[in-house]
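What follows is the content of query33.txt (compact mmCIF, C-alpha atoms).
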# COMPACT_ATOMS: atom_id res chain seq x y z
CA MET G 1 -5.94 -12.08 -14.77
CA PHE G 2 -2.94 -12.46 -17.06
CA VAL G 3 -0.51 -9.71 -18.05
CA GLY G 4 2.23 -10.43 -20.54
CA GLY G 5 1.30 -14.13 -20.53
CA LYS G 6 1.72 -14.46 -16.76
CA ALA G 7 -0.95 -14.64 -14.08
CA ILE G 8 -0.96 -11.67 -11.76
CA ALA G 9 -1.25 -12.00 -8.03
CA ASN G 10 0.05 -9.54 -5.50
CA MET G 11 3.37 -7.93 -6.34
CA LYS G 12 5.87 -5.44 -5.03
CA ILE G 13 9.22 -3.93 -5.95
CA LYS G 14 12.17 -6.16 -5.06
CA GLU G 15 14.62 -5.08 -2.41
CA GLY G 16 17.83 -3.53 -3.72
CA PHE G 17 16.37 -0.81 -5.92
CA MET G 18 16.14 2.90 -5.22
CA LEU G 19 14.30 5.73 -6.93
CA ARG G 20 16.12 9.01 -7.54
CA GLN G 21 14.63 12.23 -8.88
CA PHE G 22 16.40 14.25 -11.57
CA GLY G 23 14.38 17.29 -12.58
CA ASP G 24 10.96 16.12 -13.70
CA ASP G 25 12.10 12.52 -14.22
CA TYR G 26 12.77 9.66 -11.86
CA ILE G 27 15.46 7.03 -12.32
CA VAL G 28 15.51 3.54 -10.82
CA VAL G 29 18.97 2.44 -9.72
CA ALA G 30 20.18 -0.78 -8.16
CA VAL G 31 21.97 -0.61 -4.84
CA GLY G 32 24.11 -3.13 -3.00
CA GLU G 33 24.68 -6.56 -4.50
CA GLY G 34 21.88 -6.03 -7.01
CA SER G 35 23.91 -3.38 -8.80
CA GLU G 36 26.32 -6.04 -10.09
CA ASP G 37 23.57 -7.78 -12.09
CA PHE G 38 21.37 -4.81 -13.02
CA ASN G 39 22.75 -2.96 -16.02
CA ARG G 40 19.71 -0.99 -17.13
CA LEU G 41 18.61 2.58 -16.80
CA ILE G 42 14.92 2.94 -16.09
CA THR G 43 13.40 6.40 -16.25
CA LEU G 44 9.90 7.15 -15.04
CA ASN G 45 7.54 10.08 -15.35
CA ALA G 46 5.41 11.28 -12.43
CA VAL G 47 2.73 8.62 -12.95
CA GLY G 48 5.34 5.88 -13.23
CA GLU G 49 6.95 7.16 -10.02
CA PHE G 50 3.56 7.02 -8.28
CA ILE G 51 2.96 3.41 -9.35
CA TYR G 52 6.54 2.41 -8.48
CA SER G 53 6.26 4.03 -5.04
CA THR G 54 2.88 2.38 -4.47
CA LEU G 55 4.53 -0.98 -5.21
CA LYS G 56 6.99 -0.58 -2.34
CA GLU G 57 4.27 -2.43 -0.43
CA GLU G 58 2.59 -5.53 -1.81
CA LYS G 59 -0.38 -4.63 -4.01
CA SER G 60 -2.73 -6.33 -6.43
CA ARG G 61 -3.38 -5.08 -9.93
CA ASP G 62 -6.85 -3.93 -8.86
CA GLU G 63 -5.35 -1.95 -5.96
CA LEU G 64 -2.97 -0.24 -8.39
CA VAL G 65 -5.81 0.65 -10.75
CA LYS G 66 -7.81 2.13 -7.86
CA ALA G 67 -4.82 4.11 -6.59
CA VAL G 68 -4.14 5.58 -10.04
CA THR G 69 -7.79 6.43 -10.77
CA ASP G 70 -8.16 7.99 -7.31
CA ARG G 71 -5.11 10.19 -7.83
CA TYR G 72 -5.37 11.05 -11.53
CA GLU G 73 -8.28 11.89 -13.77
CA VAL G 74 -8.17 8.78 -15.91
CA GLU G 75 -10.75 6.20 -16.92
CA PRO G 76 -10.28 2.78 -15.29
CA SER G 77 -9.91 1.08 -18.70
CA VAL G 78 -7.05 3.42 -19.63
CA ALA G 79 -5.41 2.96 -16.21
CA GLU G 80 -5.67 -0.84 -16.55
CA LYS G 81 -3.98 -0.83 -19.96
CA ASP G 82 -1.18 1.49 -18.81
CA ILE G 83 -0.63 -0.45 -15.58
CA ASP G 84 -0.49 -3.75 -17.48
CA THR G 85 2.23 -2.31 -19.72
CA PHE G 86 4.09 -0.96 -16.69
CA ILE G 87 3.91 -4.35 -14.94
CA VAL G 88 5.32 -6.10 -18.01
CA ASN G 89 8.19 -3.60 -18.16
CA LEU G 90 8.97 -4.00 -14.44
CA ARG G 91 8.83 -7.78 -14.79
CA GLN G 92 11.16 -7.77 -17.81
CA ALA G 93 13.61 -5.58 -15.91
CA GLY G 94 13.54 -8.00 -12.96
CA LEU G 95 12.17 -5.45 -10.49
CA LEU G 96 9.07 -7.32 -9.28
CA ASP G 97 8.56 -9.82 -6.51
CA GLU G 98 5.45 -11.80 -7.43
Mind turning this structure into structure tokens?
Amino acid sequence: MFVGGKAIANMKIKEGFMLRQFGDDYIVVAVGEGSEDFNRLITLNAVGEFIYSTLKEEKSRDELVKAVTDRYEVEPSVAEKDIDTFIVNLRQAGLLDE
């Protein structure tokens, strides 16, 4: 399986990032040495927070799709598309270990 032109294997969130809640939104911030190189602000909604938190442990794309469809009332094809977009965004921000 390819997402954003790159093959997908198992992935997880890199060390050095923390999730903070502000009202109904969640913000990803870099901590420690990573904060010197990370100059972005990433905000997530509740579903994004769920996927991000699920990726604290190594997961495959299929495991993410199952987790999202188990938790939310969403068709697998919709979950796959949204997760693929989310993976591309995390990859572009440099947050994924793959």
Item to check | Residues within 8 Å of range 82-97 of chain G, only C-alpha atoms, excluding chain neighbours under 3 positions, as a ChimeraX atom specification | outcome: /G:3-4,11-14,17,40,48,61,64-65,78-79
Give me the residues near Ala9 in chain G as a short mmCIF file (atom, residue, chain, number, x, y, z; two decimals) with C-alpha atoms, in the coordinates of the input, where near means some atom within 9 Å (using all atoms listed in the file) and where sequence neighbours in that chain fewer than 3 positions away do not count.
data_model
loop_
_atom_site.label_atom_id
_atom_site.label_comp_id
_atom_site.auth_asym_id
_atom_site.auth_seq_id
_atom_site.Cartn_x
_atom_site.Cartn_y
_atom_site.Cartn_z
CA MET G 1 -5.94 -12.08 -14.77
CA LYS G 59 -0.38 -4.63 -4.01
CA SER G 60 -2.73 -6.33 -6.43
CA ARG G 61 -3.38 -5.08 -9.93
CA GLU G 98 5.45 -11.80 -7.43
#
Next on the checklist: What's around Val68 in chain G at 12 Å? Count only C-alpha atoms, leave out sequence neighbours fewer than 3 positions away in its own chain, and write the answer as a list in words.
Outcome noted: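 Everything that qualifies: Ala46, Val47, Gly48, Glu49, Phe50, Ile51, Tyr52, Ser53, Thr54, Leu55, Arg61, Asp62, Glu63, Leu64, Val65, Arg71, Tyr72, Glu73, Val74, Glu75, Pro76, Ser77, Val78, Ala79, Glu80, Lys81, Asp82 and Ile83 of chain G.
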Next on the checklist: One decimal, in Å: what's the spacing between CA of Val29 in chain G and CA of Glu58 in chain G?
Outcome noted: 19.9 Å
Item to check | Separation of CA of Asp24 in chain G from CA of Asn45 in chain G in Å | outcome: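 One can read the CA of Asn45 in chain G to CA of Asp24 in chain G distance as 7.1 Å.
Straight-line separation from CA of Lys56 in chain G to CA of Phe22 in chain G: 19.8 Å.
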Any chance you could build range 46-69 of chain G out to N, CA and C atoms and write it as a short mmCIF file (atom, residue, chain, number, x, y, z; two decimals), keeping the file's coordinate frame?
data_model
loop_
_atom_site.label_atom_id
_atom_site.label_comp_id
_atom_site.auth_asym_id
_atom_site.auth_seq_id
_atom_site.Cartn_x
_atom_site.Cartn_y
_atom_site.Cartn_z
N ALA G 46 6.07 11.14 -13.73
CA ALA G 46 5.41 11.28 -12.43
C ALA G 46 4.42 10.15 -12.15
N VAL G 47 3.68 9.71 -13.15
CA VAL G 47 2.73 8.62 -12.95
C VAL G 47 3.47 7.32 -12.69
N GLY G 48 4.52 7.07 -13.45
CA GLY G 48 5.34 5.88 -13.23
C GLY G 48 5.95 5.87 -11.84
N GLU G 49 6.39 7.04 -11.38
CA GLU G 49 6.95 7.16 -10.02
C GLU G 49 5.88 6.83 -8.99
N PHE G 50 4.65 7.30 -9.22
CA PHE G 50 3.56 7.02 -8.28
C PHE G 50 3.29 5.53 -8.20
N ILE G 51 3.22 4.86 -9.34
CA ILE G 51 2.96 3.41 -9.35
C ILE G 51 4.13 2.67 -8.70
N TYR G 52 5.34 3.04 -9.06
CA TYR G 52 6.54 2.41 -8.48
C TYR G 52 6.53 2.56 -6.96
N SER G 53 6.27 3.77 -6.49
CA SER G 53 6.26 4.03 -5.04
C SER G 53 5.13 3.27 -4.35
N THR G 54 3.99 3.15 -5.02
CA THR G 54 2.88 2.38 -4.47
C THR G 54 3.26 0.91 -4.32
N LEU G 55 4.10 0.43 -5.24
CA LEU G 55 4.53 -0.98 -5.21
C LEU G 55 5.66 -1.26 -4.22
N LYS G 56 6.03 -0.30 -3.40
CA LYS G 56 6.99 -0.58 -2.34
C LYS G 56 6.36 -1.50 -1.30
N GLU G 57 5.03 -1.48 -1.25
CA GLU G 57 4.27 -2.43 -0.43
C GLU G 57 3.51 -3.34 -1.38
N GLU G 58 3.27 -4.55 -0.96
CA GLU G 58 2.59 -5.53 -1.81
C GLU G 58 1.20 -5.04 -2.19
N LYS G 59 0.90 -5.08 -3.48
CA LYS G 59 -0.38 -4.63 -4.01
C LYS G 59 -0.85 -5.59 -5.10
N SER G 60 -2.16 -5.60 -5.30
CA SER G 60 -2.73 -6.33 -6.43
C SER G 60 -2.89 -5.37 -7.59
N ARG G 61 -3.14 -5.91 -8.75
CA ARG G 61 -3.38 -5.08 -9.93
C ARG G 61 -4.58 -4.17 -9.70
N ASP G 62 -5.65 -4.73 -9.12
CA ASP G 62 -6.85 -3.93 -8.86
C ASP G 62 -6.57 -2.78 -7.89
N GLU G 63 -5.72 -3.01 -6.89
CA GLU G 63 -5.35 -1.95 -5.96
C GLU G 63 -4.57 -0.85 -6.68
N LEU G 64 -3.71 -1.24 -7.61
CA LEU G 64 -2.97 -0.24 -8.39
C LEU G 64 -3.91 0.60 -9.25
N VAL G 65 -4.86 -0.07 -9.90
CA VAL G 65 -5.81 0.65 -10.75
C VAL G 65 -6.60 1.65 -9.90
N LYS G 66 -7.06 1.23 -8.74
CA LYS G 66 -7.81 2.13 -7.86
C LYS G 66 -6.95 3.30 -7.41
N ALA G 67 -5.71 3.04 -7.04
CA ALA G 67 -4.82 4.11 -6.59
C ALA G 67 -4.60 5.14 -7.70
N VAL G 68 -4.39 4.67 -8.92
CA VAL G 68 -4.14 5.58 -10.04
C VAL G 68 -5.41 6.37 -10.39
N THR G 69 -6.56 5.71 -10.42
CA THR G 69 -7.79 6.43 -10.77
C THR G 69 -8.22 7.38 -9.66
#
